[in-house]
>>> print(open('run.cif').read())   # mmCIF, C-alpha atoms
data_entry
loop_
_atom_site.label_atom_id
_atom_site.label_comp_id
_atom_site.auth_asym_id
_atom_site.auth_seq_id
_atom_site.Cartn_x
_atom_site.Cartn_y
_atom_site.Cartn_z
CA MET A 115 -23.83 -11.78 25.45
CA PRO A 116 -20.86 -10.05 23.82
CA PRO A 117 -19.52 -6.91 25.49
CA ALA A 118 -20.75 -3.59 24.19
CA THR A 119 -18.67 -2.15 21.39
CA PRO A 120 -17.54 1.45 21.71
CA ARG A 121 -18.99 3.54 18.94
CA MET A 122 -16.78 4.76 16.16
CA SER A 123 -17.60 8.42 16.78
CA ALA A 124 -16.17 8.21 20.25
CA MET A 125 -12.90 6.65 19.26
CA PRO A 126 -10.62 8.75 17.12
CA THR A 127 -11.27 11.77 19.26
CA VAL A 128 -10.53 10.16 22.61
CA TYR A 129 -6.91 11.27 22.52
CA PRO A 130 -6.55 14.02 19.94
CA THR A 131 -3.03 15.26 19.30
CA HIS A 132 -3.47 18.55 21.12
CA ASP A 133 -4.04 16.57 24.33
CA LEU A 134 -0.29 16.18 24.44
CA VAL A 135 -0.13 19.84 25.28
CA GLN A 136 -3.37 20.29 27.15
CA PRO A 137 -4.58 16.98 28.57
CA VAL A 138 -8.35 16.70 28.44
CA GLY A 139 -10.60 14.22 30.17
CA SER A 140 -9.13 10.77 30.32
CA ALA A 141 -6.23 11.57 28.00
CA PRO A 142 -2.88 10.28 29.22
CA GLU A 143 -0.39 12.55 30.91
CA PRO A 144 2.12 13.90 28.37
CA ALA A 145 4.95 12.34 30.34
CA ARG A 146 3.58 8.88 29.60
CA ILE A 147 3.93 9.40 25.86
CA GLY A 148 7.64 9.74 26.03
CA TRP A 149 8.83 7.74 23.03
CA CYS A 150 8.90 9.12 19.49
CA PHE A 151 9.84 7.58 16.20
CA SER A 152 9.08 7.99 12.52
CA ALA A 153 8.15 5.20 10.15
CA PHE A 154 6.29 4.95 6.84
CA GLY A 155 5.78 8.73 6.88
CA LEU A 156 4.05 8.66 10.27
CA HIS A 157 5.39 10.42 13.36
CA ILE A 158 4.54 8.17 16.23
CA MET A 159 4.37 9.19 19.87
CA SER A 160 4.26 6.13 22.04
CA GLU A 161 3.84 5.06 25.62
CA VAL A 162 6.29 2.23 25.02
CA GLY A 163 9.70 2.26 23.42
CA VAL A 164 9.95 0.82 19.92
CA ILE A 165 13.21 -0.01 18.18
CA GLY A 166 14.56 3.19 16.73
CA SER A 167 12.48 5.39 19.02
CA GLU A 168 13.96 8.10 21.18
CA HIS A 169 12.78 9.24 24.57
CA GLY A 170 11.75 12.83 24.87
CA ARG A 171 12.37 13.80 21.24
CA SER A 172 9.77 16.08 19.70
CA THR A 173 8.27 15.04 16.40
CA PRO A 174 7.00 17.03 13.43
CA ASP A 175 3.33 18.00 13.45
CA THR A 176 2.55 16.18 10.22
CA HIS A 177 0.83 12.79 10.31
CA PRO A 178 1.02 12.32 14.09
CA VAL A 179 -0.03 8.95 15.46
CA LEU A 180 -0.47 8.08 19.13
CA MET A 181 0.42 4.63 20.37
CA LEU A 182 -1.23 3.92 23.69
CA GLN A 183 -2.05 1.12 26.07
CA SER A 184 -5.58 -0.01 25.25
CA PRO A 185 -8.14 1.08 27.83
CA ASN A 186 -10.34 -1.80 29.00
CA GLU A 187 -13.38 -0.55 27.11
CA LEU A 188 -11.48 -0.70 23.81
CA SER A 189 -9.84 -4.07 24.42
CA VAL A 190 -10.06 -6.43 21.49
CA ALA A 191 -8.01 -9.27 22.95
CA ASP A 192 -11.05 -11.24 24.10
CA ARG A 193 -13.59 -9.79 21.72
CA PRO A 194 -15.40 -12.60 19.93
CA ILE A 195 -15.63 -12.57 16.15
CA ARG A 196 -18.94 -11.13 15.04
CA ASP A 197 -20.83 -11.54 11.80
CA SER A 198 -20.42 -7.83 11.17
CA ASP A 199 -16.61 -8.03 11.35
CA THR A 200 -14.62 -8.50 8.19
CA LEU A 201 -11.93 -11.09 8.61
CA VAL A 202 -9.10 -9.99 6.36
CA ILE A 203 -6.20 -12.22 7.38
CA GLU A 204 -6.13 -15.34 9.51
CA ARG A 205 -3.10 -17.60 9.78
CA HIS A 206 -2.74 -20.74 11.87
CA THR A 207 0.07 -23.14 12.63
CA TYR A 208 -0.17 -26.68 11.31
CA ALA A 209 -1.41 -27.62 14.78
CA GLY A 210 -4.27 -25.15 14.35
CA ASP A 211 -3.05 -22.46 16.76
CA LEU A 212 -3.75 -18.90 15.73
CA VAL A 213 -0.66 -17.08 14.48
CA MET A 214 -2.27 -13.85 13.41
CA ARG A 215 -5.71 -12.50 12.72
CA VAL A 216 -6.55 -9.13 11.17
CA ARG A 217 -10.12 -7.92 11.36
CA ARG A 218 -11.98 -4.82 10.24
CA LEU A 219 -14.62 -4.22 12.88
CA ASP A 220 -18.07 -2.84 12.27
CA ASP A 221 -17.02 0.43 13.94
CA GLY A 222 -14.23 0.95 11.38
CA ARG A 223 -11.32 -0.10 13.59
CA TYR A 224 -8.72 -2.56 12.38
CA THR A 225 -7.47 -5.12 14.85
CA VAL A 226 -4.34 -7.22 14.66
CA GLU A 227 -4.19 -10.17 17.05
CA ALA A 228 -1.00 -12.20 17.28
CA PRO A 229 -1.38 -14.24 20.47
CA ASN A 230 2.33 -14.89 20.94
CA HIS A 231 3.31 -11.34 20.08
CA GLY A 232 0.68 -8.76 20.99
CA THR A 233 -2.74 -7.37 20.20
CA PHE A 234 -3.35 -4.03 18.52
CA SER A 235 -6.19 -1.93 17.21
CA VAL A 236 -6.05 1.04 14.87
CA THR A 237 -8.72 3.73 14.91
CA PRO A 238 -10.59 4.35 11.63
CA ASP A 239 -8.59 7.49 10.90
CA GLY A 240 -5.27 5.75 11.61
CA ALA A 241 -4.42 8.42 14.20
CA THR A 242 -4.30 6.16 17.25
CA ILE A 243 -2.90 2.70 17.77
CA PHE A 244 -3.91 0.85 20.92
CA PHE A 245 -1.81 -2.05 22.15
CA GLU A 246 -2.34 -4.74 24.77
CA GLN A 247 -0.89 -8.05 25.83
CA LEU A 248 2.59 -7.29 24.47
CA ARG A 249 4.92 -10.26 24.80
CA GLU A 250 8.58 -10.06 25.72
CA PRO A 251 11.18 -9.77 24.40
CA ASP A 252 10.16 -6.59 22.62
CA TRP A 253 11.05 -7.76 19.13
CA LEU A 254 8.21 -10.28 19.37
CA TRP A 255 5.53 -7.59 19.42
CA HIS A 256 7.51 -5.40 17.05
CA ARG A 257 6.91 -7.96 14.31
CA PRO A 258 3.12 -7.53 13.93
CA LEU A 259 3.50 -3.84 14.72
CA VAL A 260 5.85 -3.31 11.79
CA ALA A 261 4.36 -5.85 9.40
CA GLN A 262 0.68 -5.02 9.83
CA VAL A 263 -0.24 -2.35 12.36
CA LEU A 264 1.88 0.56 11.19
CA PRO A 265 1.15 -0.13 7.49
CA VAL A 266 -2.60 -0.12 8.21
CA ALA A 267 -2.24 3.17 10.10
CA ALA A 268 -0.14 4.60 7.25
CA ALA A 269 -2.71 3.54 4.63
CA LEU A 270 -5.47 5.17 6.68
CA ARG A 271 -3.35 8.32 7.14
CA GLY A 272 -2.88 8.93 3.41
CA PHE A 273 0.18 6.95 2.36
CA GLU A 274 0.28 4.29 -0.32
CA LEU A 275 2.12 1.11 0.52
CA PHE A 276 3.93 -1.35 -1.68
CA HIS A 277 5.10 -4.86 -0.86
CA ALA A 278 8.70 -3.90 -1.46
CA SER A 279 12.08 -3.40 0.12
CA ALA A 280 14.09 -0.35 -0.78
CA VAL A 281 17.54 1.19 -0.45
CA GLN A 282 19.03 4.61 -1.00
CA LEU A 283 21.37 4.92 -3.98
CA ARG A 284 22.80 8.30 -5.00
CA GLY A 285 20.34 10.05 -2.71
CA ARG A 286 17.29 8.46 -4.25
CA ALA A 287 15.17 5.45 -3.46
CA ILE A 288 15.23 2.22 -5.43
CA GLY A 289 12.36 -0.13 -4.59
CA PHE A 290 12.32 -3.88 -5.14
CA VAL A 291 8.89 -5.45 -5.49
CA ALA A 292 8.56 -9.22 -5.23
CA ASP A 293 6.43 -11.94 -3.77
CA SER A 294 7.41 -13.19 -0.33
CA GLY A 295 10.42 -15.48 -0.47
CA THR A 296 11.77 -14.14 -3.76
CA GLY A 297 14.69 -12.35 -2.15
CA LYS A 298 13.89 -8.64 -1.96
CA THR A 299 15.13 -8.43 1.65
CA SER A 300 18.28 -10.39 0.79
CA LEU A 301 18.98 -8.08 -2.12
CA ALA A 302 18.37 -4.95 -0.04
CA THR A 303 20.50 -6.31 2.81
CA HIS A 304 23.41 -7.08 0.52
CA LEU A 305 23.13 -3.64 -1.05
CA ASN A 306 23.24 -2.35 2.53
CA VAL A 307 26.40 -4.38 3.11
CA ARG A 308 27.86 -2.59 0.09
CA GLY A 309 27.08 0.80 1.64
CA ALA A 310 23.58 1.67 0.46
CA PRO A 311 21.45 2.82 3.39
CA LEU A 312 18.37 0.64 3.86
CA LEU A 313 15.18 2.59 3.34
CA THR A 314 12.75 -0.14 4.30
CA ASP A 315 12.31 -3.88 4.52
CA ASP A 316 9.19 -5.44 3.03
CA VAL A 317 6.83 -2.44 3.15
CA LEU A 318 7.51 0.72 1.15
CA SER A 319 5.47 3.78 2.01
CA LEU A 320 4.93 6.30 -0.79
CA GLU A 321 3.38 9.71 -1.03
CA LEU A 322 2.70 12.08 -3.94
CA ARG A 323 4.24 15.43 -3.17
CA GLY A 324 4.76 18.31 -5.58
CA GLY A 325 4.74 16.10 -8.65
CA ASP A 326 7.23 13.62 -7.15
CA VAL A 327 6.68 10.15 -5.76
CA ILE A 328 8.30 10.33 -2.32
CA ALA A 329 9.50 7.22 -0.50
CA HIS A 330 9.53 7.19 3.31
CA PRO A 331 11.88 5.25 5.56
CA GLY A 332 10.39 2.28 7.37
CA VAL A 333 11.55 0.84 10.68
CA SER A 334 15.23 0.00 11.20
CA VAL A 335 14.62 -3.74 11.35
CA ALA A 336 15.20 -6.31 8.62
CA ASN A 337 13.99 -9.88 8.75
CA ILE A 338 16.36 -12.00 6.71
CA ALA A 339 16.78 -15.71 6.07
CA SER A 340 19.85 -16.89 7.99
CA ASP A 341 21.45 -18.54 4.95
CA GLN A 342 21.48 -15.17 3.21
CA LEU A 343 24.01 -13.97 5.78
CA ASP A 344 26.26 -16.98 5.32
CA GLY A 345 29.60 -16.10 3.85
CA LEU A 346 29.72 -12.61 5.31
CA ALA A 347 32.94 -11.89 7.18
CA PRO A 348 32.30 -11.44 10.91
CA GLU A 349 33.22 -7.75 10.82
CA VAL A 350 30.89 -7.14 7.87
CA ARG A 351 28.15 -9.06 9.61
CA ALA A 352 28.65 -6.99 12.76
CA ARG A 353 28.58 -3.76 10.75
CA LEU A 354 25.23 -4.73 9.27
CA GLY A 355 23.53 -4.54 12.66
CA ALA A 356 22.79 -6.21 15.94
CA GLU A 357 20.71 -9.34 16.05
CA LEU A 358 17.48 -8.91 17.97
CA GLY A 359 16.40 -12.51 17.86
CA SER A 360 15.46 -15.22 15.45
CA SER A 361 12.38 -17.15 14.40
CA ASP A 362 12.10 -18.51 10.88
CA LYS A 363 14.34 -15.55 10.05
CA ILE A 364 17.00 -13.47 11.74
CA HIS A 365 15.77 -10.11 12.96
CA LEU A 366 18.40 -7.40 12.67
CA VAL A 367 18.50 -3.82 13.82
CA VAL A 368 20.06 -2.29 10.74
CA SER A 369 22.84 0.20 11.50
CA ASN A 370 22.95 2.01 8.17
CA MET A 371 19.40 3.29 7.65
CA ALA A 372 18.14 6.10 5.45
CA THR A 373 16.66 8.69 7.77
CA ALA A 374 14.77 11.06 5.51
CA PRO A 375 12.13 10.78 2.78
CA MET A 376 13.46 10.89 -0.77
CA PRO A 377 12.20 10.70 -4.36
CA LEU A 378 11.56 7.25 -5.74
CA ALA A 379 14.05 6.88 -8.59
CA ALA A 380 13.05 3.43 -9.80
CA LEU A 381 10.84 0.49 -9.00
CA CYS A 382 12.08 -2.99 -9.89
CA PHE A 383 9.91 -6.05 -10.11
CA LEU A 384 12.26 -8.81 -9.00
CA GLU A 385 11.81 -12.27 -10.44
CA ARG A 386 14.07 -15.25 -9.75
CA SER A 387 13.65 -18.67 -11.23
CA GLU A 388 15.51 -21.67 -12.55
CA GLN A 389 14.22 -20.88 -16.03
CA ILE A 390 16.04 -17.54 -16.12
CA ARG A 391 19.51 -18.05 -17.58
CA GLU A 392 20.93 -14.53 -17.52
CA LEU A 393 20.49 -11.46 -15.40
CA GLU A 394 18.21 -9.03 -17.19
CA PHE A 395 17.15 -5.45 -16.47
CA LYS A 396 14.23 -4.87 -18.79
CA PRO A 397 12.31 -1.58 -18.71
CA ALA A 398 8.59 -2.19 -18.22
CA ASP A 399 7.56 -0.05 -21.13
CA PRO A 400 4.81 0.74 -20.62
CA PRO A 401 4.41 -0.25 -16.96
CA ASP A 402 1.48 -2.60 -16.43
CA PRO A 403 -1.14 -0.92 -14.24
CA TRP A 404 -2.31 -4.26 -12.86
CA SER A 405 1.19 -5.28 -11.76
CA LEU A 406 1.51 -1.97 -9.93
CA LEU A 407 -1.91 -2.28 -8.30
CA LYS A 408 -1.19 -5.89 -7.32
CA ALA A 409 2.09 -4.84 -5.70
CA THR A 410 0.34 -2.61 -3.17
CA PHE A 411 0.27 -3.66 0.49
CA THR A 412 -2.60 -3.87 2.99
CA PRO A 413 -5.19 -4.47 0.25
CA HIS A 414 -7.79 -4.88 2.98
CA VAL A 415 -7.81 -1.13 3.64
CA VAL A 416 -10.51 -0.25 1.16
CA THR A 417 -11.74 3.16 2.18
CA PRO A 418 -12.70 5.29 -0.84
CA SER A 419 -9.86 7.71 -0.18
CA ARG A 420 -7.33 4.90 -0.01
CA LEU A 421 -8.60 3.29 -3.20
CA SER A 422 -8.50 6.60 -5.10
CA ARG A 423 -5.01 7.31 -3.83
CA GLN A 424 -3.85 3.81 -4.71
CA LEU A 425 -4.89 4.36 -8.32
CA GLU A 426 -3.41 7.84 -8.39
CA VAL A 427 -0.04 6.74 -7.01
CA CYS A 428 0.14 3.82 -9.45
CA ALA A 429 -0.71 6.12 -12.37
CA ASP A 430 1.94 8.57 -11.20
CA ILE A 431 4.58 5.88 -10.89
CA ALA A 432 3.71 4.62 -14.37
CA ALA A 433 4.00 8.12 -15.77
CA HIS A 434 7.09 9.42 -13.96
CA VAL A 435 9.13 6.64 -12.31
CA PRO A 436 11.19 4.19 -14.36
CA VAL A 437 9.86 0.69 -13.77
CA PHE A 438 12.03 -2.33 -14.51
CA ASN A 439 11.64 -6.06 -14.59
CA LEU A 440 14.73 -7.44 -12.89
CA ARG A 441 15.03 -11.09 -13.79
CA ALA A 442 17.79 -13.05 -12.09
CA PRO A 443 18.85 -16.68 -12.24
CA LEU A 444 18.52 -18.64 -9.00
CA GLY A 445 22.20 -19.50 -9.25
CA LEU A 446 23.18 -15.88 -8.69
CA THR A 447 23.70 -15.25 -4.96
CA ALA A 448 22.12 -12.24 -3.29
CA ALA A 449 25.62 -10.77 -2.84
CA GLU A 450 26.37 -11.16 -6.55
CA LEU A 451 22.99 -9.76 -7.51
CA ALA A 452 23.54 -6.77 -5.20
CA CYS A 453 26.86 -6.06 -6.92
CA GLU A 454 25.22 -6.16 -10.38
CA VAL A 455 22.30 -4.01 -9.27
CA GLU A 456 24.55 -1.42 -7.69
CA THR A 457 26.71 -1.19 -10.83
CA TRP A 458 23.70 -0.97 -13.08
CA PHE A 459 21.98 1.76 -11.07
CA ASP A 460 25.23 3.68 -10.62
CA ARG A 461 25.35 3.88 -14.40
CA THR A 462 21.63 4.52 -14.87
CA LEU A 463 21.25 7.21 -12.20
CA ALA A 464 24.49 9.00 -13.02
CA MET B 154 -34.56 1.96 -17.35
CA PRO B 155 -31.38 -0.10 -17.89
CA SER B 156 -29.72 1.12 -21.05
CA GLU B 157 -29.54 -2.34 -22.62
CA LEU B 158 -33.33 -2.17 -22.91
CA ARG B 159 -33.25 1.23 -24.58
CA SER B 160 -32.95 1.74 -28.25
CA GLN B 161 -29.75 3.10 -29.76
CA GLU B 162 -31.67 6.23 -30.58
CA GLU B 163 -32.60 6.78 -26.94
CA ILE B 164 -29.02 6.24 -25.82
CA LEU B 165 -27.79 8.70 -28.44
CA LYS B 166 -30.08 11.32 -26.99
CA SER B 167 -28.80 10.76 -23.45
CA ARG B 168 -26.71 12.95 -21.26
CA VAL B 169 -23.66 11.28 -19.81
CA GLU B 170 -22.19 11.68 -16.37
CA ILE B 171 -19.39 9.94 -14.53
CA PRO B 172 -20.79 9.33 -11.04
CA GLY B 173 -18.93 10.69 -8.02
CA HIS B 174 -18.04 7.21 -6.86
CA VAL B 175 -16.06 6.55 -10.05
CA VAL B 176 -12.48 7.66 -10.65
CA HIS B 177 -10.30 6.84 -13.61
CA ARG B 178 -6.65 7.26 -14.54
CA SER B 179 -4.97 6.82 -17.90
CA PHE B 180 -1.91 4.63 -18.23
CA VAL B 181 0.02 4.33 -21.48
CA ALA B 182 -1.69 1.21 -22.76
CA GLU B 183 -4.80 1.16 -20.64
CA THR B 184 -7.27 3.26 -18.70
CA VAL B 185 -8.19 1.97 -15.27
CA ILE B 186 -11.62 2.83 -13.92
CA LEU B 187 -12.30 2.38 -10.21
CA ASN B 188 -15.75 1.98 -8.73
CA LEU B 189 -15.36 3.20 -5.16
CA ASN B 190 -18.70 1.66 -4.16
CA THR B 191 -17.60 -1.84 -5.02
CA GLY B 192 -13.82 -1.41 -4.71
CA LYS B 193 -13.46 -3.01 -8.15
CA TYR B 194 -11.07 -1.89 -10.84
CA HIS B 195 -12.01 -2.11 -14.52
CA GLY B 196 -9.63 -1.82 -17.44
CA VAL B 197 -10.33 -0.47 -20.90
CA ASN B 198 -7.97 -0.19 -23.85
CA PRO B 199 -6.77 3.21 -25.16
CA THR B 200 -9.76 3.50 -27.52
CA GLY B 201 -12.12 2.86 -24.62
CA GLY B 202 -10.14 5.37 -22.57
CA TYR B 203 -10.54 7.96 -25.29
CA MET B 204 -14.30 7.26 -25.55
CA LEU B 205 -14.59 7.73 -21.80
CA GLU B 206 -12.69 11.03 -22.02
CA LEU B 207 -14.98 12.23 -24.81
CA LEU B 208 -18.13 11.19 -22.97
CA GLU B 209 -16.97 12.93 -19.80
CA LYS B 210 -15.84 16.07 -21.61
CA LEU B 211 -18.81 16.45 -23.96
CA GLY B 212 -21.48 15.16 -21.60
CA ASN B 213 -23.67 13.65 -24.28
CA VAL B 214 -23.56 10.53 -26.37
CA GLN B 215 -24.47 12.06 -29.75
CA GLN B 216 -21.57 14.51 -29.70
CA ALA B 217 -19.17 11.81 -28.56
CA VAL B 218 -20.23 9.64 -31.51
CA GLU B 219 -19.76 12.46 -33.98
CA THR B 220 -16.33 13.37 -32.62
CA LEU B 221 -15.17 9.76 -32.58
CA ALA B 222 -16.42 9.15 -36.12
CA SER B 223 -14.63 12.22 -37.37
CA GLU B 224 -11.32 11.58 -35.57
CA TYR B 225 -11.14 7.86 -36.34
CA ALA B 226 -12.62 8.18 -39.89
CA LEU B 227 -15.46 5.83 -38.96
CA SER B 228 -18.92 5.68 -40.41
CA LEU B 229 -21.52 7.23 -38.11
CA GLU B 230 -23.21 3.87 -37.97
CA ASP B 231 -20.09 2.08 -36.68
CA ALA B 232 -19.23 4.85 -34.23
CA THR B 233 -22.78 4.84 -32.90
CA LYS B 234 -22.70 1.12 -32.28
CA ASP B 235 -19.28 1.25 -30.59
CA VAL B 236 -20.09 4.16 -28.31
CA CYS B 237 -23.58 2.91 -27.41
CA ASP B 238 -22.29 -0.59 -26.59
CA PHE B 239 -19.54 0.97 -24.51
CA CYS B 240 -22.03 3.16 -22.62
CA VAL B 241 -24.32 0.21 -21.94
CA GLU B 242 -21.46 -1.85 -20.55
CA LEU B 243 -20.15 0.95 -18.36
CA GLU B 244 -23.62 1.74 -17.08
CA ARG B 245 -24.19 -1.92 -16.28
CA ARG B 246 -21.05 -1.83 -14.12
CA GLY B 247 -22.13 1.35 -12.35
CA LEU B 248 -19.38 3.39 -14.00
CA LEU B 249 -21.56 5.74 -16.05
CA LEU B 250 -24.93 7.46 -15.73
CA LEU B 251 -27.14 7.94 -18.78
CA THR B 252 -30.11 10.26 -18.42
CA PRO B 253 -32.55 11.43 -21.08
CA ARG B 254 -31.88 14.95 -22.33
CA ALA B 255 -34.65 17.40 -21.61
#
>>> encode(input="run.cif", output="structure tokens")
Amino acid sequence: MPPATPRMSAMPTVYPTHDLVQPVGSAPEPARIGWCFSAFGLHIMSEVGVIGSEHGRSTPDTHPVLMLQSPNELSVADRPIRDSDTLVIERHTYAGDLVMRVRRLDDGRYTVEAPNHGTFSVTPDGATIFFEQLREPDWLWHRPLVAQVLPVAAALRGFELFHASAVQLRGRAIGFVADSGTGKTSLATHLNVRGAPLLTDDVLSLELRGGDVIAHPGVSVANIASDQLDGLAPEVRARLGAELGSSDKIHLVVSNMATAPMPLAALCFLERSEQIRELEFKPADPPDPWSLLKATFTPHVVTPSRLSRQLEVCADIAAHVPVFNLRAPLGLTAAELACEVETWFDRTLA
Amino acid sequence: MPSELRSQEEILKSRVEIPGHVVHRSFVAETVILNLNTGKYHGVNPTGGYMLELLEKLGNVQQAVETLASEYALSLEDATKDVCDFCVELERRGLLLLTPRA
């Protein structure tokens, strides 16, 4: 018989934010939640240190998220899959071993299980993240945390997410949307090499605020294919950031990160193929709503408020943010492309 | 009764309402309608977007037909067919409510 599932009503309120000041019931002691960091617009207070987090720093009151060790009764690590769960992502190795599974449970929680990295659950309101079975070294469990867990929490907390990398140019954000493997991280990294602070790698968090589309910094880690760093002088490579570890990619702690939210100045749909002969910046005029909707991240978060917001943010981008199709030949290196993009945006944003 | 089984005359006499679970946003070349109950997006061209705006603003089919006919220089017959077909399709997808006027 499967273990009893905690009811949804009991969950988001187990550790409300004010417990940090006045612990109630089984809430953790404030001293245990010593690590703070901001990512994707969330202000996260955590029991464990995450890359970029600081111990003892206070965080703004807006969009607080607690990150806590999972109590036994909320553990999902050994919870069997039930018919009432919605399986949203499941990836295996060729040998059939589970790499990652994302489920939406019948009580509204989202769970992310990555057996060699860590297991997480996110409460239905996105206000609390529970973790368990974190694997060392830390960057191993940071990967699902950054790639899935925090984006799910951000989507539940009112942010809209795009599958995009972004940098800061002239004080504003430029986002690069592309399918995995197209080179958005390489482009953003090489723009970073040229001095543009990295805003985010792979997941761009957006918010509508006062008529502007605001882009929020992600986590200060970039996952980049090793060959994309070939040819960089050692001192340039060192300036880029320290290497955390490597898997199919190199995981870097990026030194030059944007630290504050900023208006989204442009969104580029990056396309690279052998058929493209010349670099082309073509305004998407008008922007295609379906391309924008398809570029959103965590499509499995389908609460009515998220869906409405998704449409609203896409409509706002189409109306107010220049959207470009950036088509580049495969023969152009990421470093060369970064140079062209920087020049072009310097001219366009001036 | 599903609107496809109603006569054009009955549809013309209907009140129109966009249900609470439906939101829509206009883009330059398209209007996107989202059914929050199903999570499905639906796209209509600018003419469809304008019809939807009229139906929502005026709240009844007859007035929407008359306005459309006047603004697009259509015959009442053509405008009636276009708007009624549009209403039937939207209602079938759960994006519109048609109720008989008292």
>>> interface_residues(input="run.cif", of="chain B", to="chain A", cutoff="8 Å", atoms="all atoms listed in the file", output="VMD selection string")
chain B and resid 176 to 183 185 187 189 to 190 192
>>> resolve_selection(input="run.cif", expression="the PyMOL selection byres ((chain A and resi 297) around 10)", output="PyMOL selection string")
chain A and resi 279+290-296+298-303+338-339+342+384-386+447-448
>>> write_last_selection(input="run.cif", atoms="C-alpha atoms", output="PDB file, keeping the file's coordinate frame")
ATOM      1  CA  SER A 279      12.080  -3.400   0.120  1.00  0.00           C
ATOM      2  CA  PHE A 290      12.320  -3.880  -5.140  1.00  0.00           C
ATOM      3  CA  VAL A 291       8.890  -5.450  -5.490  1.00  0.00           C
ATOM      4  CA  ALA A 292       8.560  -9.220  -5.230  1.00  0.00           C
ATOM      5  CA  ASP A 293       6.430 -11.940  -3.770  1.00  0.00           C
ATOM      6  CA  SER A 294       7.410 -13.190  -0.330  1.00  0.00           C
ATOM      7  CA  GLY A 295      10.420 -15.480  -0.470  1.00  0.00           C
ATOM      8  CA  THR A 296      11.770 -14.140  -3.760  1.00  0.00           C
ATOM      9  CA  LYS A 298      13.890  -8.640  -1.960  1.00  0.00           C
ATOM     10  CA  THR A 299      15.130  -8.430   1.650  1.00  0.00           C
ATOM     11  CA  SER A 300      18.280 -10.390   0.790  1.00  0.00           C
ATOM     12  CA  LEU A 301      18.980  -8.080  -2.120  1.00  0.00           C
ATOM     13  CA  ALA A 302      18.370  -4.950  -0.040  1.00  0.00           C
ATOM     14  CA  THR A 303      20.500  -6.310   2.810  1.00  0.00           C
ATOM     15  CA  ILE A 338      16.360 -12.000   6.710  1.00  0.00           C
ATOM     16  CA  ALA A 339      16.780 -15.710   6.070  1.00  0.00           C
ATOM     17  CA  GLN A 342      21.480 -15.170   3.210  1.00  0.00           C
ATOM     18  CA  LEU A 384      12.260  -8.810  -9.000  1.00  0.00           C
ATOM     19  CA  GLU A 385      11.810 -12.270 -10.440  1.00  0.00           C
ATOM     20  CA  ARG A 386      14.070 -15.250  -9.750  1.00  0.00           C
ATOM     21  CA  THR A 447      23.700 -15.250  -4.960  1.00  0.00           C
ATOM     22  CA  ALA A 448      22.120 -12.240  -3.290  1.00  0.00           C
TER      23      ALA A 448
END
>>> resolve_selection(input="run.cif", expression="the PyMOL selection byres ((chain A and resi 410) around 8)", output="list in words")
Glu274, Leu275, Phe276, His277, Leu406, Leu407, Lys408, Ala409, Phe411, Thr412, Pro413 and Gln424 of chain A
>>> residues_around(input="run.cif", residues="Leu259 (chain A)", least_positions_apart="4", cutoff="10 Å", atoms="all atoms listed in the file", output="list of chain:residue names")
A:Val164, A:Val226, A:Ala228, A:His231, A:Gly232, A:Thr233, A:Phe234, A:Ile243, A:Phe245, A:Trp253, A:Leu254, A:Trp255, A:Val263, A:Leu264, A:Pro265, A:Val266
>>> closest_residue(input="run.cif", among="B:Asp238, B:Arg245, B:Leu250, B:Glu163", to="Gln215 (chain B)", atoms="only C-alpha atoms")
B:Glu163
>>> residues_around(input="run.cif", residues="Phe395 (chain A)", least_positions_apart="3", cutoff="10 Å", atoms="all atoms listed in the file", output="number ranges by chain")
A: 382-384, 392, 398, 437-442, 455, 458
>>> resolve_selection(input="run.cif", expression="the PyMOL selection byres ((chain A and resi 283) around 12)", output="PyMOL selection string")
chain A and resi 280-282+284-289+302+305-306+308-313+371-372+376-380+452+455-464
>>> atom_distance(input="run.cif", atom1="CA of Phe151 (chain A)", atom2="CA of Val435 (chain A)")
28.5 Å
